[in-house]
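Just below is one structure, and these are the notes that go with it.
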Amino acid sequence: TNTGRKLGIALVGLGSYAKNQLAVALEKTDDCYLAGIVTGTPAKAAEWSRKYNIPQKNIYNYQNFDEIANNKEIDIVYVVLPNSMHHEYVLRAAKAGKHVMCEKPMSVSVKEAEEMVAACKKANVQLGIGYRLHFEPFNLEAKRIGQQKVFGDVRFLQTNFGFSIGDPTQWRLKHALAGGGPLMDVGIYCVQASRYVTGEEPLWVTAQFGPVTDKERFATVEESVSWQMQFPNNAMVNGFTSYKSNIEQLYVSASRGWLQLGPAYGYGPLKGRTQEGELNLPIVHHQTAMLNGICKEFTATGKFPAHINGEEGLKDMRILMAIYEAARSGKKVSL
Ligand code: NDP
């Protein structure tokens, strides 16, 4: 359907990630641009329309969003809403016949994620998850070293991502909107890293919630959680995520060497080293690299890259939910 023009992307939900990262990226991307917006806030519609030269006919709200089906300038709908809203908007976008990018975590349950994959398949549209680190050089190097066994078999991974959360009233601290705490928000990157470094799926998980030291913020979501997993080739993983500790690192121990990224997962600049010395890799804007990567592949093949597709998001949802089940029950959960 693409006639050599840039792919038109419509962002749904103009919050901080859409504004400070994705819109910025879409001004720099080669194969796609910001063609439309979907917002519940009229003042943002006016501001974005002026700033990005978006015509009125490409501006929607949550009520009239389905009319996007008739808009030929929109190729891809990109859902950047609070987690519990991803399911509804991905389903509506698929029904409108649009390809869909969805932010992480894909959904707040395995059932929803399965429905999202099925709906996009049925509508014959692509579904991708906004896994920016799949296009980031330091994480790609960790993936290469792990999967290609550059330092031999991976035996152990330590992966941690946490930050100190601010505003106690934000949606991230409300289970109904977030589906969980730091595990859903940033721990997902640790789960992702264990999967792309080993190139395998975990066999089982055990997990423990950390103490609640702040009853105001952590009334409905966890404050922190640790987990352990085993992979088929015997790699063990120790993971930790928190909304009270600032930590961001990946340590990979293999039979003949090691790799360490720190900072590993944030917007960077990331840093890393191996036993051979500092990693000298390009510092990129993650969201620009991601959108370029996805749109180049889509333009060439009609598909989103398989490593960020809906099935990959679904696999992560199964693991996140197993971690919660293990932490709640105190039992080892098989996957
Ligand atoms: P924000 O709270 O900053 O923005 C969310 C936006 O969603 C709001 O501004 C609003 O936009 C819209 N919205 C609609 N209904 C609600 C509601 N009930 N409560 C709150 N907002 C609502 O969140 P973020 O931008 O930080 O996060 C959005 C998504 O992006 C999340 O899924 C998050 O996990 C993901 N994310 C991914 C990152 C990454 O690195 N890949 C980094 C940060 C976030 P409007 O006014 O236009 O209607």
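Going through the structure tokens in order, the chains are called A, B, and so on, while each chain numbers its residues from 1 and the ligands are numbered from 1 in the order shown.
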
I'd like the neighbourhood of stretch 129-142 of chain A as an mmCIF file with C-alpha atoms, in the first residue's frame, where a residue qualifies if any of its atoms comes within 9 Å (using only C-alpha atoms), though same-chain residues fewer than 2 positions away should be ignored.
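The result, stored in part-v6.cif:
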data_model
loop_
_atom_site.group_PDB
_atom_site.id
_atom_site.type_symbol
_atom_site.label_atom_id
_atom_site.label_comp_id
_atom_site.auth_asym_id
_atom_site.auth_seq_id
_atom_site.Cartn_x
_atom_site.Cartn_y
_atom_site.Cartn_z
ATOM 1 C CA TYR A 78 0.858 3.847 18.016
ATOM 2 C CA VAL A 100 -0.505 -1.167 15.426
ATOM 3 C CA MET A 101 2.467 -0.366 17.598
ATOM 4 C CA CYS A 102 1.731 -0.724 21.320
ATOM 5 C CA GLU A 103 3.823 0.430 24.253
ATOM 6 C CA LYS A 104 5.169 -1.967 26.859
ATOM 7 C CA PRO A 105 3.870 -3.748 28.814
ATOM 8 C CA MET A 106 1.621 -4.970 26.030
ATOM 9 C CA LEU A 127 1.276 -5.715 15.770
ATOM 10 C CA ARG A 144 25.197 -10.939 20.118
ATOM 11 C CA ILE A 145 27.685 -11.971 22.813
ATOM 12 C CA GLY A 146 25.065 -14.118 24.545
ATOM 13 C CA GLN A 147 23.336 -15.733 21.603
ATOM 14 C CA TYR A 189 13.229 -4.779 30.482
ATOM 15 C CA GLN A 192 13.440 -9.006 28.004
ATOM 16 C CA ALA A 193 17.222 -8.870 28.474
ATOM 17 C CA TYR A 196 17.522 -11.782 24.239
ATOM 18 C CA VAL A 197 20.876 -12.518 25.836
ATOM 19 C CA VAL A 252 26.293 -11.485 31.996
ATOM 20 C CA LEU A 259 29.826 -8.375 29.923
ATOM 21 C CA GLN A 260 28.453 -5.569 32.014
ATOM 22 C CA LEU A 261 26.097 -2.787 30.979
ATOM 23 C CA ALA A 264 21.872 -0.605 30.797
ATOM 24 C CA TYR A 265 18.261 0.225 30.010
ATOM 25 C CA LEU A 270 24.457 3.764 28.039
ATOM 26 C CA LYS A 271 27.850 2.325 28.938
ATOM 27 C CA GLY A 272 29.313 -1.131 28.901
ATOM 28 C CA LEU A 279 32.579 -1.128 24.676
ATOM 29 C CA ASN A 280 32.979 1.591 22.108
ATOM 30 C CA LEU A 281 29.545 1.759 20.504
ATOM 31 C CA PRO A 282 27.429 4.548 19.039
ATOM 32 C CA ILE A 283 25.124 6.485 21.353
ATOM 33 C CA VAL A 284 21.738 6.680 19.632
ATOM 34 C CA HIS A 285 18.301 8.131 20.344
ATOM 35 C CA HIS A 286 16.514 4.872 21.113
ATOM 36 C CA GLN A 287 13.111 5.839 19.793
ATOM 37 C CA THR A 288 14.498 7.152 16.494
ATOM 38 C CA ALA A 289 16.536 3.971 16.003
ATOM 39 C CA MET A 290 13.485 1.858 16.830
ATOM 40 C CA LEU A 291 11.084 3.644 14.488
ATOM 41 C CA GLY A 293 14.267 -0.078 12.193
ATOM 42 C CA HIS A 307 11.724 -9.837 17.480
ATOM 43 C CA ILE A 308 9.336 -7.040 18.574
ATOM 44 C CA ASN A 309 6.019 -8.462 17.365
ATOM 45 C CA GLY A 310 2.884 -9.199 19.362
ATOM 46 C CA GLU A 312 7.059 -11.533 21.724
ATOM 47 C CA GLY A 313 4.976 -9.190 23.882
#

Kindly assemble as JSON lines a list of the chain A residues that lie within 9 Å of ligand 1, each paired with its nearest atom pair and their distance in Å to one decimal, using only C-alpha atoms and all ligand atoms, sorted first by chain and then by ascending residue number.
{"residue": "A:Leu11", "atom": "CA", "partner": "ligand 1", "partner_atom_place_in_ligand_line": "47 (O)", "distance": 8.9}
{"residue": "A:Val12", "atom": "CA", "partner": "ligand 1", "partner_atom_place_in_ligand_line": "47 (O)", "distance": 6.9}
{"residue": "A:Gly13", "atom": "CA", "partner": "ligand 1", "partner_atom_place_in_ligand_line": "11 (O)", "distance": 3.8}
{"residue": "A:Leu14", "atom": "CA", "partner": "ligand 1", "partner_atom_place_in_ligand_line": "47 (O)", "distance": 3.6}
{"residue": "A:Gly15", "atom": "CA", "partner": "ligand 1", "partner_atom_place_in_ligand_line": "4 (O)", "distance": 3.1}
{"residue": "A:Ser16", "atom": "CA", "partner": "ligand 1", "partner_atom_place_in_ligand_line": "3 (O)", "distance": 3.8}
{"residue": "A:Tyr17", "atom": "CA", "partner": "ligand 1", "partner_atom_place_in_ligand_line": "25 (O)", "distance": 3.7}
{"residue": "A:Ala18", "atom": "CA", "partner": "ligand 1", "partner_atom_place_in_ligand_line": "25 (O)", "distance": 5.7}
{"residue": "A:Lys19", "atom": "CA", "partner": "ligand 1", "partner_atom_place_in_ligand_line": "25 (O)", "distance": 7.6}
{"residue": "A:Asn20", "atom": "CA", "partner": "ligand 1", "partner_atom_place_in_ligand_line": "25 (O)", "distance": 8.5}
{"residue": "A:Gln21", "atom": "CA", "partner": "ligand 1", "partner_atom_place_in_ligand_line": "42 (C)", "distance": 8.2}
{"residue": "A:Ile37", "atom": "CA", "partner": "ligand 1", "partner_atom_place_in_ligand_line": "47 (O)", "distance": 8.2}
{"residue": "A:Val38", "atom": "CA", "partner": "ligand 1", "partner_atom_place_in_ligand_line": "47 (O)", "distance": 6.5}
{"residue": "A:Thr39", "atom": "CA", "partner": "ligand 1", "partner_atom_place_in_ligand_line": "47 (O)", "distance": 3.6}
{"residue": "A:Gly40", "atom": "CA", "partner": "ligand 1", "partner_atom_place_in_ligand_line": "48 (O)", "distance": 3.6}
{"residue": "A:Thr41", "atom": "CA", "partner": "ligand 1", "partner_atom_place_in_ligand_line": "46 (O)", "distance": 4.4}
{"residue": "A:Pro42", "atom": "CA", "partner": "ligand 1", "partner_atom_place_in_ligand_line": "46 (O)", "distance": 8.0}
{"residue": "A:Ala43", "atom": "CA", "partner": "ligand 1", "partner_atom_place_in_ligand_line": "46 (O)", "distance": 8.6}
{"residue": "A:Lys44", "atom": "CA", "partner": "ligand 1", "partner_atom_place_in_ligand_line": "47 (O)", "distance": 6.5}
{"residue": "A:Ala45", "atom": "CA", "partner": "ligand 1", "partner_atom_place_in_ligand_line": "47 (O)", "distance": 7.8}
{"residue": "A:Asn61", "atom": "CA", "partner": "ligand 1", "partner_atom_place_in_ligand_line": "48 (O)", "distance": 7.7}
{"residue": "A:Tyr62", "atom": "CA", "partner": "ligand 1", "partner_atom_place_in_ligand_line": "48 (O)", "distance": 7.7}
{"residue": "A:Val79", "atom": "CA", "partner": "ligand 1", "partner_atom_place_in_ligand_line": "29 (C)", "distance": 7.6}
{"residue": "A:Val80", "atom": "CA", "partner": "ligand 1", "partner_atom_place_in_ligand_line": "29 (C)", "distance": 4.3}
{"residue": "A:Leu81", "atom": "CA", "partner": "ligand 1", "partner_atom_place_in_ligand_line": "7 (O)", "distance": 4.1}
{"residue": "A:Pro82", "atom": "CA", "partner": "ligand 1", "partner_atom_place_in_ligand_line": "32 (O)", "distance": 4.6}
{"residue": "A:Asn83", "atom": "CA", "partner": "ligand 1", "partner_atom_place_in_ligand_line": "32 (O)", "distance": 4.4}
{"residue": "A:Ser84", "atom": "CA", "partner": "ligand 1", "partner_atom_place_in_ligand_line": "32 (O)", "distance": 8.1}
{"residue": "A:Met85", "atom": "CA", "partner": "ligand 1", "partner_atom_place_in_ligand_line": "15 (N)", "distance": 7.6}
{"residue": "A:His86", "atom": "CA", "partner": "ligand 1", "partner_atom_place_in_ligand_line": "32 (O)", "distance": 7.3}
{"residue": "A:Cys102", "atom": "CA", "partner": "ligand 1", "partner_atom_place_in_ligand_line": "32 (O)", "distance": 7.9}
{"residue": "A:Glu103", "atom": "CA", "partner": "ligand 1", "partner_atom_place_in_ligand_line": "32 (O)", "distance": 5.0}
{"residue": "A:Lys104", "atom": "CA", "partner": "ligand 1", "partner_atom_place_in_ligand_line": "34 (O)", "distance": 5.1}
{"residue": "A:Pro105", "atom": "CA", "partner": "ligand 1", "partner_atom_place_in_ligand_line": "34 (O)", "distance": 5.9}
{"residue": "A:Met106", "atom": "CA", "partner": "ligand 1", "partner_atom_place_in_ligand_line": "32 (O)", "distance": 7.6}
{"residue": "A:Ser107", "atom": "CA", "partner": "ligand 1", "partner_atom_place_in_ligand_line": "32 (O)", "distance": 8.4}
{"residue": "A:Ile129", "atom": "CA", "partner": "ligand 1", "partner_atom_place_in_ligand_line": "41 (N)", "distance": 8.7}
{"residue": "A:Gly130", "atom": "CA", "partner": "ligand 1", "partner_atom_place_in_ligand_line": "41 (N)", "distance": 5.5}
{"residue": "A:Tyr131", "atom": "CA", "partner": "ligand 1", "partner_atom_place_in_ligand_line": "41 (N)", "distance": 6.0}
{"residue": "A:Arg132", "atom": "CA", "partner": "ligand 1", "partner_atom_place_in_ligand_line": "41 (N)", "distance": 6.1}
{"residue": "A:Leu133", "atom": "CA", "partner": "ligand 1", "partner_atom_place_in_ligand_line": "41 (N)", "distance": 8.5}
{"residue": "A:Gln170", "atom": "CA", "partner": "ligand 1", "partner_atom_place_in_ligand_line": "2 (O)", "distance": 7.2}
{"residue": "A:Trp171", "atom": "CA", "partner": "ligand 1", "partner_atom_place_in_ligand_line": "19 (N)", "distance": 5.9}
{"residue": "A:Arg172", "atom": "CA", "partner": "ligand 1", "partner_atom_place_in_ligand_line": "2 (O)", "distance": 7.9}
{"residue": "A:Leu177", "atom": "CA", "partner": "ligand 1", "partner_atom_place_in_ligand_line": "18 (N)", "distance": 7.2}
{"residue": "A:Ala178", "atom": "CA", "partner": "ligand 1", "partner_atom_place_in_ligand_line": "32 (O)", "distance": 7.9}
{"residue": "A:Met184", "atom": "CA", "partner": "ligand 1", "partner_atom_place_in_ligand_line": "34 (O)", "distance": 7.7}
{"residue": "A:Asp185", "atom": "CA", "partner": "ligand 1", "partner_atom_place_in_ligand_line": "34 (O)", "distance": 5.4}
{"residue": "A:Val186", "atom": "CA", "partner": "ligand 1", "partner_atom_place_in_ligand_line": "34 (O)", "distance": 8.1}
{"residue": "A:Tyr265", "atom": "CA", "partner": "ligand 1", "partner_atom_place_in_ligand_line": "40 (O)", "distance": 8.7}
{"residue": "A:Gly266", "atom": "CA", "partner": "ligand 1", "partner_atom_place_in_ligand_line": "40 (O)", "distance": 7.4}
{"residue": "A:Tyr267", "atom": "CA", "partner": "ligand 1", "partner_atom_place_in_ligand_line": "40 (O)", "distance": 7.5}
{"residue": "A:His286", "atom": "CA", "partner": "ligand 1", "partner_atom_place_in_ligand_line": "40 (O)", "distance": 8.5}
{"residue": "A:Gln287", "atom": "CA", "partner": "ligand 1", "partner_atom_place_in_ligand_line": "41 (N)", "distance": 8.1}

Residues as selected, C-alpha atoms, written as an mmCIF file, in the first residue's frame, can you do that?
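What landed in result.cif:
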data_model
loop_
_atom_site.group_PDB
_atom_site.id
_atom_site.type_symbol
_atom_site.label_atom_id
_atom_site.label_comp_id
_atom_site.auth_asym_id
_atom_site.auth_seq_id
_atom_site.Cartn_x
_atom_site.Cartn_y
_atom_site.Cartn_z
ATOM 1 C CA LEU A 11 0.089 8.610 18.333
ATOM 2 C CA VAL A 12 -2.705 7.683 20.769
ATOM 3 C CA GLY A 13 -2.338 9.371 24.178
ATOM 4 C CA LEU A 14 -0.172 12.472 24.265
ATOM 5 C CA GLY A 15 1.555 11.987 27.606
ATOM 6 C CA SER A 16 5.199 12.326 28.513
ATOM 7 C CA TYR A 17 6.542 9.418 26.445
ATOM 8 C CA ALA A 18 4.637 10.462 23.319
ATOM 9 C CA LYS A 19 5.668 14.091 23.756
ATOM 10 C CA ASN A 20 9.260 13.866 24.948
ATOM 11 C CA GLN A 21 10.443 10.805 23.018
ATOM 12 C CA ILE A 37 -2.912 12.307 16.958
ATOM 13 C CA VAL A 38 -5.571 10.841 19.243
ATOM 14 C CA THR A 39 -6.091 12.700 22.504
ATOM 15 C CA GLY A 40 -8.699 13.320 25.174
ATOM 16 C CA THR A 41 -7.296 16.767 25.875
ATOM 17 C CA PRO A 42 -8.426 19.504 23.422
ATOM 18 C CA ALA A 43 -5.622 21.874 24.476
ATOM 19 C CA LYS A 44 -3.029 19.272 23.456
ATOM 20 C CA ALA A 45 -4.781 18.780 20.102
ATOM 21 C CA ASN A 61 -10.411 11.845 20.380
ATOM 22 C CA TYR A 62 -11.223 8.606 22.228
ATOM 23 C CA VAL A 79 -0.803 3.284 21.407
ATOM 24 C CA VAL A 80 0.959 5.212 24.203
ATOM 25 C CA LEU A 81 -1.799 5.085 26.830
ATOM 26 C CA PRO A 82 -1.699 3.776 30.434
ATOM 27 C CA ASN A 83 -1.183 -0.011 30.390
ATOM 28 C CA SER A 84 -4.749 -1.144 31.067
ATOM 29 C CA MET A 85 -5.984 0.838 28.037
ATOM 30 C CA HIS A 86 -3.633 -0.848 25.528
ATOM 31 C CA CYS A 102 1.731 -0.724 21.320
ATOM 32 C CA GLU A 103 3.823 0.430 24.253
ATOM 33 C CA LYS A 104 5.169 -1.967 26.859
ATOM 34 C CA PRO A 105 3.870 -3.748 28.814
ATOM 35 C CA MET A 106 1.621 -4.970 26.030
ATOM 36 C CA SER A 107 -1.361 -5.496 28.363
ATOM 37 C CA ILE A 129 5.578 -3.709 20.894
ATOM 38 C CA GLY A 130 7.688 -0.585 21.542
ATOM 39 C CA TYR A 131 10.786 -2.489 22.669
ATOM 40 C CA ARG A 132 13.303 0.275 21.954
ATOM 41 C CA LEU A 133 16.289 -1.665 23.332
ATOM 42 C CA GLN A 170 0.051 8.953 39.124
ATOM 43 C CA TRP A 171 -1.523 6.055 37.178
ATOM 44 C CA ARG A 172 1.652 3.948 37.523
ATOM 45 C CA LEU A 177 -4.472 1.412 35.217
ATOM 46 C CA ALA A 178 -0.955 -0.034 35.529
ATOM 47 C CA MET A 184 5.209 -4.086 34.670
ATOM 48 C CA ASP A 185 6.934 -0.754 34.076
ATOM 49 C CA VAL A 186 10.687 -1.423 34.119
ATOM 50 C CA TYR A 265 18.261 0.225 30.010
ATOM 51 C CA GLY A 266 17.380 3.914 30.354
ATOM 52 C CA TYR A 267 17.575 6.552 27.629
ATOM 53 C CA HIS A 286 16.514 4.872 21.113
ATOM 54 C CA GLN A 287 13.111 5.839 19.793
#

Nearest to A:Arg217, chosen from A:Asp167, A:Glu311, A:Glu47, A:Glu27, with only C-alpha atoms counted in the distances
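Result for the nearest residue to A:Arg217: A:Asp167.
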
So how many Å separate atom CA of A:Pro232 and atom CA of A:Arg155, to one decimal?
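According to the coordinates, atom CA of A:Pro232 and atom CA of A:Arg155 are separated by 10.8 Å.
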
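Reported to one decimal place, the separation of atom CA of A:Asp75 from atom CA of A:Ala93 is 10.5 Å.
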
Residue among A:Pro182, A:Pro211, A:Gly268, A:Gly4 lying closest to A:Tyr243, counting only C-alpha atoms
A:Pro182

What does the structure give for the distance between atom CA of A:Glu73 and atom CA of A:Asn53, in Å to one decimal?
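It comes out at 13.8 Å.
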
Residues within 6 Å of A:Phe161, please, as a tab-separated table (two decimals) with C-alpha atoms, in the first residue's frame. Count only C-alpha atoms; anything in the same chain fewer than 5 positions from it doesn't count.
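That gives us result32.tsv:
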chain	number	residue	atom	x	y	z
A	187	GLY	CA	11.22	-4.98	35.35
A	241	THR	CA	12.92	-4.20	40.06
A	247	ILE	CA	19.45	0.83	39.79
A	248	GLU	CA	20.01	-0.05	36.16

Measuring atom to atom with only C-alpha atoms, identify which of A:Thr274, A:Asn71, A:Gln63, A:Asn124 is nearest to A:Tyr89.
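Going through A:Thr274, A:Asn71, A:Gln63, A:Asn124 one by one, the smallest distance to A:Tyr89 is for A:Gln63.
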
Fewer than 3 positions away in the same chain doesn't count, so skip those; otherwise give me all residues within 10 Å of A:Tyr324, counting only C-alpha atoms, as number ranges by chain.
A: 180, 183, 205-209, 222, 225, 227, 319-321, 327-330, 333

Residues flagged strand (DSSP E) by DSSP in stretch 150-332 of chain A, as an MDAnalysis selection string
chainID A and resid 154:162 204:209 224:230 236:242 247:254 257:261 272:274 277:278

Save out the residues we just selected, N, CA and C atoms, as a compact mmCIF listing (two decimals), in the first residue's frame.
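Dumped to result.txt:
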# COMPACT_ATOMS: atom_id res chain seq x y z
N VAL A 154 26.34 -18.81 28.31
CA VAL A 154 25.93 -17.91 29.38
C VAL A 154 25.52 -18.75 30.59
N ARG A 155 26.11 -18.43 31.74
CA ARG A 155 25.81 -19.22 32.95
C ARG A 155 24.98 -18.46 33.96
N PHE A 156 25.14 -17.13 33.97
CA PHE A 156 24.42 -16.34 34.99
C PHE A 156 24.18 -14.93 34.48
N LEU A 157 23.00 -14.42 34.77
CA LEU A 157 22.68 -13.03 34.45
C LEU A 157 22.15 -12.34 35.70
N GLN A 158 22.69 -11.17 35.98
CA GLN A 158 22.14 -10.33 37.04
C GLN A 158 21.50 -9.15 36.32
N THR A 159 20.22 -8.91 36.54
CA THR A 159 19.56 -7.84 35.80
C THR A 159 18.63 -7.06 36.72
N ASN A 160 18.87 -5.76 36.81
CA ASN A 160 18.13 -4.92 37.75
C ASN A 160 17.71 -3.62 37.08
N PHE A 161 16.47 -3.20 37.35
CA PHE A 161 16.04 -1.90 36.85
C PHE A 161 15.03 -1.34 37.85
N GLY A 162 15.40 -0.22 38.43
CA GLY A 162 14.50 0.44 39.37
C GLY A 162 14.77 1.92 39.42
N TRP A 204 11.28 -21.97 34.46
CA TRP A 204 10.51 -21.73 35.68
C TRP A 204 10.95 -20.43 36.33
N VAL A 205 10.11 -19.92 37.23
CA VAL A 205 10.47 -18.74 38.02
C VAL A 205 10.13 -18.97 39.49
N THR A 206 10.92 -18.36 40.36
CA THR A 206 10.54 -18.17 41.76
C THR A 206 10.65 -16.67 42.00
N ALA A 207 9.95 -16.13 42.98
CA ALA A 207 9.96 -14.67 43.17
C ALA A 207 9.54 -14.30 44.58
N GLN A 208 9.95 -13.11 44.99
CA GLN A 208 9.63 -12.59 46.33
C GLN A 208 9.33 -11.09 46.22
N PHE A 209 8.23 -10.65 46.84
CA PHE A 209 7.99 -9.21 46.95
C PHE A 209 8.90 -8.65 48.02
N SER A 224 8.61 -3.41 45.28
CA SER A 224 9.76 -4.03 44.62
C SER A 224 9.50 -5.53 44.53
N VAL A 225 10.20 -6.19 43.63
CA VAL A 225 10.11 -7.64 43.54
C VAL A 225 11.44 -8.19 42.99
N SER A 226 11.86 -9.32 43.52
CA SER A 226 13.05 -10.04 43.04
C SER A 226 12.57 -11.35 42.46
N TRP A 227 13.30 -11.86 41.48
CA TRP A 227 12.92 -13.18 40.94
C TRP A 227 14.15 -13.92 40.46
N GLN A 228 13.96 -15.22 40.28
CA GLN A 228 15.02 -16.10 39.78
C GLN A 228 14.41 -16.93 38.67
N MET A 229 15.18 -17.24 37.64
CA MET A 229 14.69 -18.11 36.58
C MET A 229 15.82 -19.00 36.09
N GLN A 230 15.42 -20.15 35.54
CA GLN A 230 16.40 -21.02 34.90
C GLN A 230 16.04 -21.16 33.43
N MET A 236 21.25 -19.26 34.80
CA MET A 236 20.40 -18.82 35.90
C MET A 236 20.32 -17.30 35.85
N VAL A 237 19.15 -16.78 36.25
CA VAL A 237 18.94 -15.32 36.25
C VAL A 237 18.49 -14.88 37.63
N ASN A 238 19.07 -13.76 38.06
CA ASN A 238 18.64 -13.09 39.27
C ASN A 238 18.13 -11.72 38.84
N GLY A 239 16.87 -11.41 39.08
CA GLY A 239 16.32 -10.12 38.65
C GLY A 239 15.75 -9.33 39.82
N PHE A 240 15.74 -8.02 39.67
CA PHE A 240 15.19 -7.16 40.72
C PHE A 240 14.65 -5.88 40.08
N THR A 241 13.48 -5.46 40.55
CA THR A 241 12.92 -4.20 40.06
C THR A 241 12.27 -3.47 41.23
N SER A 242 12.29 -2.15 41.17
CA SER A 242 11.81 -1.37 42.32
C SER A 242 11.37 0.02 41.90
N ILE A 247 18.50 1.83 40.23
CA ILE A 247 19.45 0.83 39.79
C ILE A 247 19.14 0.46 38.35
N GLU A 248 20.19 0.21 37.59
CA GLU A 248 20.01 -0.05 36.16
C GLU A 248 21.24 -0.77 35.66
N GLN A 249 21.23 -2.10 35.70
CA GLN A 249 22.42 -2.81 35.25
C GLN A 249 22.14 -4.21 34.75
N LEU A 250 23.02 -4.66 33.87
CA LEU A 250 22.98 -6.03 33.36
C LEU A 250 24.38 -6.61 33.50
N TYR A 251 24.50 -7.77 34.12
CA TYR A 251 25.78 -8.45 34.21
C TYR A 251 25.58 -9.84 33.63
N VAL A 252 26.39 -10.18 32.64
CA VAL A 252 26.29 -11.48 32.00
C VAL A 252 27.60 -12.22 32.25
N SER A 253 27.52 -13.38 32.89
CA SER A 253 28.70 -14.18 33.15
C SER A 253 28.62 -15.42 32.26
N ALA A 254 29.63 -15.59 31.39
CA ALA A 254 29.66 -16.74 30.49
C ALA A 254 30.89 -17.57 30.82
N GLY A 257 34.07 -15.53 29.82
CA GLY A 257 34.16 -14.08 29.92
C GLY A 257 32.89 -13.47 30.46
N TRP A 258 32.88 -12.13 30.48
CA TRP A 258 31.72 -11.43 31.05
C TRP A 258 31.44 -10.14 30.30
N LEU A 259 30.23 -9.66 30.48
CA LEU A 259 29.83 -8.38 29.92
C LEU A 259 29.01 -7.66 30.98
N GLN A 260 29.21 -6.35 31.04
CA GLN A 260 28.45 -5.57 32.01
C GLN A 260 27.93 -4.32 31.34
N LEU A 261 26.65 -4.05 31.46
CA LEU A 261 26.10 -2.79 30.98
C LEU A 261 25.61 -2.01 32.19
N GLY A 272 29.11 0.29 28.68
CA GLY A 272 29.31 -1.13 28.90
C GLY A 272 30.76 -1.53 28.75
N ARG A 273 31.08 -2.69 29.30
CA ARG A 273 32.44 -3.20 29.20
C ARG A 273 32.41 -4.73 29.25
N THR A 274 33.47 -5.30 28.75
CA THR A 274 33.65 -6.75 28.87
C THR A 274 35.04 -6.95 29.47
N GLY A 277 37.62 -4.94 27.78
CA GLY A 277 37.69 -3.48 27.88
C GLY A 277 36.36 -2.80 27.63
N GLU A 278 36.40 -1.43 27.57
CA GLU A 278 35.19 -0.64 27.37
C GLU A 278 34.57 -0.95 26.02
